[in-house]
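So the structure is just underneath, and the comments pick up after that.
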Amino acid sequence: MAHLAWPSPGIRAQHSARREWERDVREIGYRFETTSGAGDVARSFAHLATGEESGVTVATAGRLMLSRPQGRIAFAELRDWTGGIQLFALAALTPDFEEFCRLSLGDWIGVTGEVVRTRRGELSVKVASWELLAQARRGFGDKWHGVSDPDIRYRQRELDLWANDGVRDIFLLRSKVIASIRRRLGAAGFVEVETPVLHPIPGGAAARPFVTHYNALHTDVYLRIATELYLKRCVVGGIERVFEIGRTFRNEGLSPRHNPEFTMLELYQAYGDYTDMMQIFEDIVAGTAEELLGTTVIPYQGRDIDLTPPWRRATLVELIAEHAGVEVDLSMGKEHLQRVASSLGVPFEPWYGPGKLMLEIYEKTTEAELWGPVFVCDYPQEVSPLARAHRSKPGYVERFEPIVAGRELGNAFSELTDPDDQRARFEEQERERALGDDEAMVVDRDYLRALELGLPPTGGLGLGIDRLVMLYADVANIKEVLLFPALRPEDNLSEARSTASGEPET
RNA sequence: GCGCCUCUAGCUCAAUUUGGCAGAGCAACGGACUCUUAAUCCGCAGGUUCCGGGUUCAAGUCCCGGGGGGCGCACCA
């Protein structure tokens, strides 16, 4: 829907009376000490029989989500992040009973009282005292339907978190996923580090960066598009098992699967190669599923995904043959692969080499068909400037992408360790940039100097945390796993309107 | 960036095949009610139908332009 005008007439009219009430009648507490969460109370007294009074007094706080005043008696539902519990108020027992009945949905209150189960069987706190902690001057949407408008849900996530069941659970799950990965990697001897977000030149991936300006140095800097090069410099420095979970930024369009800032795990292991990385992928993805969801077979968008290791391993060439029905190989040469691409309706630029052509064919015909999980192995060197040449297949590198539900979940390779080879690859990238590839890499001399100190054989991987959480949470849109996804700013709307209506821009 | 869909009260949704007084439920506001479970009942109020033009006696509805969002394509993880 359209953006939300504020303050809207409805809001003003609805709440002027309540502002009076708050100012004149009710103090807002500074502090409230709870003995337990609302949901914790519900769980620990679940055994109470109908009509039974526990004799135990608790103090708990949260938002009022339902209110059913009924004359000399009132029921309400208090909810906090542990769950919910019914409140049971009596005119004869509850202080300021009339005001308690006037509370609005969404108001925060703290209550103390005995835990009882009502005659109708609902576990409740019998309110012996209560305190207003904050007023909700805006509504929380329909109490049955919540708020379904995605624009409101994403722009006002704080409202969405209360109004729609399950939203908060996704973010609690996300937190647990990241905690679980940290724990697993820590147990495997990996050290977590933090490398710069502001890069003098963007590197480690093929992507367009965001540019910003560093005043003190009178120079432009780039928001990182990957953590890769700094992390491998850590390995050169002797941090043999290193990882970072951090935000990376890519200056590209929004989609249900892309946000310009996203969270990536990158990990590097000295003395390892890409086969070690496959094992780590399986351990993280299946292990975390087992730990948090209780199973390695998870439902996703109406189908099951079996994450149980070991995952299928197949080469890019094999999978293209399976799904596109064509035999391809780098040895066929550029012209032949162009003809194959044309016959499949795959568009390409004239400067694409055989490797880029092969990758395009894969991405247009095969990738989305792979339900997986499957490790797609052995990419053309041409499209993998940081990966080490395959030990037995000329023209290819030791690289794989794990594909689940038709999507790349990450990327991994046996790292290129030879500084001369790396320099040549960077220079090749610069030639491609000159030909029109604005995502091609540029020569990173700091990185080359590091390689000249000696990088041992190293396996590395990247894993998109947002996409992993999407799988676990069974959601199709990345915005569902980002608390505050990128949206067009509302502030631009009035400006856009005046521009559209013919007023000159300033 | 391109294509398709969509936008009506604070929220969820109605409004007859190009058109004929813009409605309901919930929330809010006033009242009744001593065991409710989306409580119920009575009353009251609530609108720039996303914005700007146009066609028409008459536009939420039809046409043009713009904006937000969703989905798809493209690019990427």
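Convention: chains lettered A, B, ... in structure tokens order; per-chain residue numbering from 1; ligands numbered from 1 as shown.
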
TODO: For chain A, work out the contacting residues on chain B at 8 Å, counting only C-alpha atoms (C1' of nucleotides), and write them as a count of residues only.
DONE: 26

Task: Atom-to-atom span, CA of Pro350 in chain A and CA of Ala412 in chain A, Å - done: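 Spanning CA of Pro350 in chain A to CA of Ala412 in chain A is a straight-line distance of 28.2 Å.
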
TODO: Between C1' of A24 in chain B and C1' of C41 in chain B, measure the distance and give it in Å to one decimal.
DONE: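 C1' of C41 in chain B lies at a distance of 17.9 Å from C1' of A24 in chain B.
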
Residues at most 12 Å from range 428-437 of chain A, counting only C-alpha atoms (C1' of nucleotides), excluding those fewer than 5 positions away in the same chain, as an mmCIF file with N, CA and C atoms (P, O5', C5', C4', C3', O3' and C1' of nucleotides), in the first residue's frame?
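Result went into result.cif, see below:
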```cif
data_model
loop_
_atom_site.group_PDB
_atom_site.id
_atom_site.type_symbol
_atom_site.label_atom_id
_atom_site.label_comp_id
_atom_site.auth_asym_id
_atom_site.auth_seq_id
_atom_site.Cartn_x
_atom_site.Cartn_y
_atom_site.Cartn_z
ATOM 1 N N GLY A 203 37.562 -6.206 -3.312
ATOM 2 C CA GLY A 203 38.130 -7.458 -3.801
ATOM 3 C C GLY A 203 37.472 -8.668 -3.177
ATOM 4 N N ALA A 205 35.480 -10.873 -4.704
ATOM 5 C CA ALA A 205 34.272 -11.349 -5.358
ATOM 6 C C ALA A 205 34.056 -10.532 -6.617
ATOM 7 N N ALA A 206 33.210 -11.030 -7.479
ATOM 8 C CA ALA A 206 32.847 -10.286 -8.683
ATOM 9 C C ALA A 206 31.537 -9.578 -8.414
ATOM 10 N N ALA A 207 31.609 -8.300 -8.097
ATOM 11 C CA ALA A 207 30.402 -7.554 -7.774
ATOM 12 C C ALA A 207 30.711 -6.074 -7.802
ATOM 13 N N ARG A 208 29.675 -5.270 -8.008
ATOM 14 C CA ARG A 208 29.867 -3.828 -7.974
ATOM 15 C C ARG A 208 29.759 -3.346 -6.532
ATOM 16 N N GLU A 349 27.723 -12.214 -24.239
ATOM 17 C CA GLU A 349 28.439 -11.084 -24.826
ATOM 18 C C GLU A 349 29.594 -11.627 -25.659
ATOM 19 N N PRO A 350 29.990 -10.880 -26.681
ATOM 20 C CA PRO A 350 31.060 -11.372 -27.563
ATOM 21 C C PRO A 350 32.381 -11.598 -26.838
ATOM 22 N N TRP A 351 32.618 -10.867 -25.752
ATOM 23 C CA TRP A 351 33.912 -11.023 -25.080
ATOM 24 C C TRP A 351 33.961 -12.213 -24.128
ATOM 25 N N TYR A 352 32.815 -12.896 -23.949
ATOM 26 C CA TYR A 352 32.826 -14.085 -23.075
ATOM 27 C C TYR A 352 33.781 -15.129 -23.631
ATOM 28 N N GLY A 353 34.632 -15.665 -22.784
ATOM 29 C CA GLY A 353 35.468 -16.787 -23.174
ATOM 30 C C GLY A 353 34.717 -18.091 -22.966
ATOM 31 N N LYS A 356 33.283 -18.553 -19.297
ATOM 32 C CA LYS A 356 32.135 -17.714 -18.985
ATOM 33 C C LYS A 356 30.902 -18.228 -19.738
ATOM 34 N N GLN A 381 38.483 -22.023 -14.877
ATOM 35 C CA GLN A 381 39.422 -21.082 -14.251
ATOM 36 C C GLN A 381 39.091 -19.633 -14.621
ATOM 37 N N GLU A 382 38.643 -19.466 -15.854
ATOM 38 C CA GLU A 382 38.323 -18.123 -16.356
ATOM 39 C C GLU A 382 37.371 -17.334 -15.461
ATOM 40 N N VAL A 383 36.451 -18.051 -14.778
ATOM 41 C CA VAL A 383 35.469 -17.360 -13.939
ATOM 42 C C VAL A 383 35.797 -17.484 -12.453
ATOM 43 N N SER A 384 37.011 -17.925 -12.154
ATOM 44 C CA SER A 384 37.372 -18.183 -10.754
ATOM 45 C C SER A 384 38.781 -17.674 -10.483
ATOM 46 N N PRO A 385 38.968 -16.360 -10.437
ATOM 47 C CA PRO A 385 40.323 -15.800 -10.394
ATOM 48 C C PRO A 385 41.048 -15.995 -9.072
ATOM 49 N N LEU A 386 40.370 -16.506 -8.050
ATOM 50 C CA LEU A 386 41.048 -16.688 -6.761
ATOM 51 C C LEU A 386 41.206 -18.163 -6.401
ATOM 52 N N ASP A 421 50.943 -16.687 -10.330
ATOM 53 C CA ASP A 421 49.675 -17.096 -10.940
ATOM 54 C C ASP A 421 48.573 -16.090 -10.581
ATOM 55 N N GLN A 422 48.537 -15.694 -9.297
ATOM 56 C CA GLN A 422 47.497 -14.762 -8.860
ATOM 57 C C GLN A 422 47.624 -13.428 -9.587
ATOM 58 N N ARG A 423 48.878 -12.974 -9.772
ATOM 59 C CA ARG A 423 49.077 -11.697 -10.468
ATOM 60 C C ARG A 423 48.553 -11.809 -11.906
ATOM 61 N N VAL A 442 40.105 -6.018 -9.678
ATOM 62 C CA VAL A 442 41.269 -5.197 -9.999
ATOM 63 C C VAL A 442 42.470 -5.757 -9.221
ATOM 64 N N VAL A 443 43.657 -5.410 -9.681
ATOM 65 C CA VAL A 443 44.872 -5.934 -9.044
ATOM 66 C C VAL A 443 44.958 -5.413 -7.612
ATOM 67 N N ASP A 444 45.119 -6.332 -6.666
ATOM 68 C CA ASP A 444 45.261 -5.955 -5.264
ATOM 69 C C ASP A 444 46.709 -6.228 -4.858
ATOM 70 P P C B 75 22.189 -12.339 -16.131
ATOM 71 O "O5'" C B 75 22.700 -11.423 -14.937
ATOM 72 C "C5'" C B 75 23.611 -10.364 -15.176
ATOM 73 C "C4'" C B 75 23.950 -9.675 -13.884
ATOM 74 C "C3'" C B 75 24.545 -10.563 -12.794
ATOM 75 O "O3'" C B 75 25.932 -10.794 -12.962
ATOM 76 C "C1'" C B 75 22.838 -9.235 -11.870
#
```

TODO: Pull the helix (DSSP H, G or I) assignments for range 320-448 of chain A out of DSSP run on the backbone, and list those residues as a PyMOL selection string.
DONE: chain A and resi 320-324+330-332+334-343+354-365+367-369+381-383+419-435+445-448

Task: Residue neighbourhood C63 in chain B, 12 Å, only C-alpha atoms (C1' of nucleotides), exclusion window fewer than 6 positions, as an MDAnalysis selection string - done: chainID B and resid 18 53:56

- [ ] Excluding Thr275 in chain A and any residue of its chain fewer than 3 positions from it, enumerate the residues within 9 Å of it, using only C-alpha atoms (C1' of nucleotides), and give them as a VMD selection string.
- [x] chain A and resid 272 278 to 280 398 413 to 414 459

Task: Polymer residues at most 6 Å from His199 in chain A, only C-alpha atoms (C1' of nucleotides), same-chain spacing of 6 or more positions, as a list in words - done: Val221, Tyr222 and Arg224 of chain A

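Our summary of the geometry notes that CA of Ser331 in chain A is positioned 10.0 Å from CA of Gly355 in chain A.
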
Write out, as CSV, each residue of range 50-113 of chain A that has an atom at most 12 Å from range 168-186 of chain A, together with the closest pair of atoms and their distance in Å to one decimal, counting only C-alpha atoms, rows going by chain and rising number.
```
residue,atom,partner,partner_atom,distance
A:Asp80,CA,A:Arg168,CA,11.0
A:Trp81,CA,A:Arg168,CA,8.4
A:Thr82,CA,A:Asp169,CA,10.6
A:Gly83,CA,A:Asp169,CA,10.9
```

Output for the residues just chosen: N, CA, C and O atoms as a PDB file, in the first residue's frame:
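Just written: selection.pdb:
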```pdb
ATOM      1  N   ASP A  80       4.959 -11.564  26.461  1.00  0.00           N
ATOM      2  CA  ASP A  80       6.329 -11.085  26.351  1.00  0.00           C
ATOM      3  C   ASP A  80       7.089 -12.073  25.491  1.00  0.00           C
ATOM      4  O   ASP A  80       6.501 -12.966  24.896  1.00  0.00           O
ATOM      5  N   TRP A  81       8.406 -11.946  25.421  1.00  0.00           N
ATOM      6  CA  TRP A  81       9.133 -12.778  24.467  1.00  0.00           C
ATOM      7  C   TRP A  81       9.278 -14.227  24.901  1.00  0.00           C
ATOM      8  O   TRP A  81       9.810 -15.032  24.161  1.00  0.00           O
ATOM      9  N   THR A  82       8.796 -14.553  26.087  1.00  0.00           N
ATOM     10  CA  THR A  82       8.815 -15.960  26.496  1.00  0.00           C
ATOM     11  C   THR A  82       7.482 -16.637  26.189  1.00  0.00           C
ATOM     12  O   THR A  82       7.357 -17.841  26.321  1.00  0.00           O
ATOM     13  N   GLY A  83       6.465 -15.833  25.834  1.00  0.00           N
ATOM     14  CA  GLY A  83       5.162 -16.414  25.572  1.00  0.00           C
ATOM     15  C   GLY A  83       4.084 -15.539  26.171  1.00  0.00           C
ATOM     16  O   GLY A  83       4.269 -14.324  26.316  1.00  0.00           O
TER      17      GLY A  83
END
```

Open item on the list: Which residues are close to Val346 in chain A, i.e. within 10 Å by only C-alpha atoms (C1' of nucleotides), leaving aside same-chain residues fewer than 3 positions away? Reply as a list of chain:residue names.
Closed with: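 Skipping anything fewer than 3 positions along the chain leaves A:Gln338, A:Arg339, A:Val340, A:Ala341, A:Ser342, A:Ser343, A:Leu357, A:Glu360, A:Ile361, A:Tyr362, A:Glu363, A:Lys364, A:Thr365.
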
- [ ] Based on DSSP run over this structure's backbone, return all residues of range 155-230 of chain A in strand (DSSP E), as a ChimeraX atom specification.
- [x] /A:191-192,198-199,211-214,219-223

Store the residues of this selection in a file with N, CA, C and O atoms, as an mmCIF file, in the first residue's frame.
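The resulting file, out27.cif, is reproduced below:
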```
data_model
loop_
_atom_site.group_PDB
_atom_site.id
_atom_site.type_symbol
_atom_site.label_atom_id
_atom_site.label_comp_id
_atom_site.auth_asym_id
_atom_site.auth_seq_id
_atom_site.Cartn_x
_atom_site.Cartn_y
_atom_site.Cartn_z
ATOM 1 N N VAL A 191 39.242 -19.604 14.670
ATOM 2 C CA VAL A 191 39.304 -18.353 15.413
ATOM 3 C C VAL A 191 38.497 -17.300 14.658
ATOM 4 O O VAL A 191 38.666 -17.128 13.447
ATOM 5 N N GLU A 192 37.610 -16.610 15.377
ATOM 6 C CA GLU A 192 36.815 -15.571 14.731
ATOM 7 C C GLU A 192 37.555 -14.238 14.761
ATOM 8 O O GLU A 192 38.109 -13.851 15.783
ATOM 9 N N LEU A 198 35.639 -1.075 5.402
ATOM 10 C CA LEU A 198 36.023 -0.070 4.410
ATOM 11 C C LEU A 198 37.288 -0.543 3.700
ATOM 12 O O LEU A 198 38.330 -0.723 4.332
ATOM 13 N N HIS A 199 37.184 -0.771 2.406
ATOM 14 C CA HIS A 199 38.315 -1.296 1.642
ATOM 15 C C HIS A 199 38.843 -0.232 0.680
ATOM 16 O O HIS A 199 38.043 0.443 0.018
ATOM 17 N N VAL A 211 30.413 2.951 -2.934
ATOM 18 C CA VAL A 211 31.562 3.836 -2.754
ATOM 19 C C VAL A 211 31.205 4.879 -1.714
ATOM 20 O O VAL A 211 30.088 5.400 -1.700
ATOM 21 N N THR A 212 32.157 5.185 -0.842
ATOM 22 C CA THR A 212 31.950 6.285 0.096
ATOM 23 C C THR A 212 33.255 7.057 0.185
ATOM 24 O O THR A 212 34.245 6.705 -0.446
ATOM 25 N N HIS A 213 33.249 8.123 0.928
ATOM 26 C CA HIS A 213 34.431 8.990 0.929
ATOM 27 C C HIS A 213 35.010 9.107 2.333
ATOM 28 O O HIS A 213 34.284 9.324 3.303
ATOM 29 N N TYR A 214 36.320 8.967 2.415
ATOM 30 C CA TYR A 214 37.025 9.098 3.684
ATOM 31 C C TYR A 214 37.639 10.500 3.710
ATOM 32 O O TYR A 214 38.632 10.764 3.043
ATOM 33 N N THR A 219 40.183 10.423 0.156
ATOM 34 C CA THR A 219 40.137 9.324 -0.807
ATOM 35 C C THR A 219 38.809 8.586 -0.727
ATOM 36 O O THR A 219 38.148 8.588 0.320
ATOM 37 N N ASP A 220 38.411 8.013 -1.844
ATOM 38 C CA ASP A 220 37.223 7.174 -1.841
ATOM 39 C C ASP A 220 37.569 5.799 -1.281
ATOM 40 O O ASP A 220 38.672 5.288 -1.522
ATOM 41 N N VAL A 221 36.655 5.230 -0.552
ATOM 42 C CA VAL A 221 36.820 3.852 -0.083
ATOM 43 C C VAL A 221 35.554 3.085 -0.440
ATOM 44 O O VAL A 221 34.514 3.675 -0.749
ATOM 45 N N TYR A 222 35.650 1.764 -0.388
ATOM 46 C CA TYR A 222 34.556 0.905 -0.823
ATOM 47 C C TYR A 222 34.066 0.053 0.337
ATOM 48 O O TYR A 222 34.875 -0.453 1.124
ATOM 49 N N LEU A 223 32.758 -0.092 0.439
ATOM 50 C CA LEU A 223 32.222 -1.054 1.399
ATOM 51 C C LEU A 223 32.545 -2.451 0.873
ATOM 52 O O LEU A 223 32.366 -2.728 -0.313
#
```
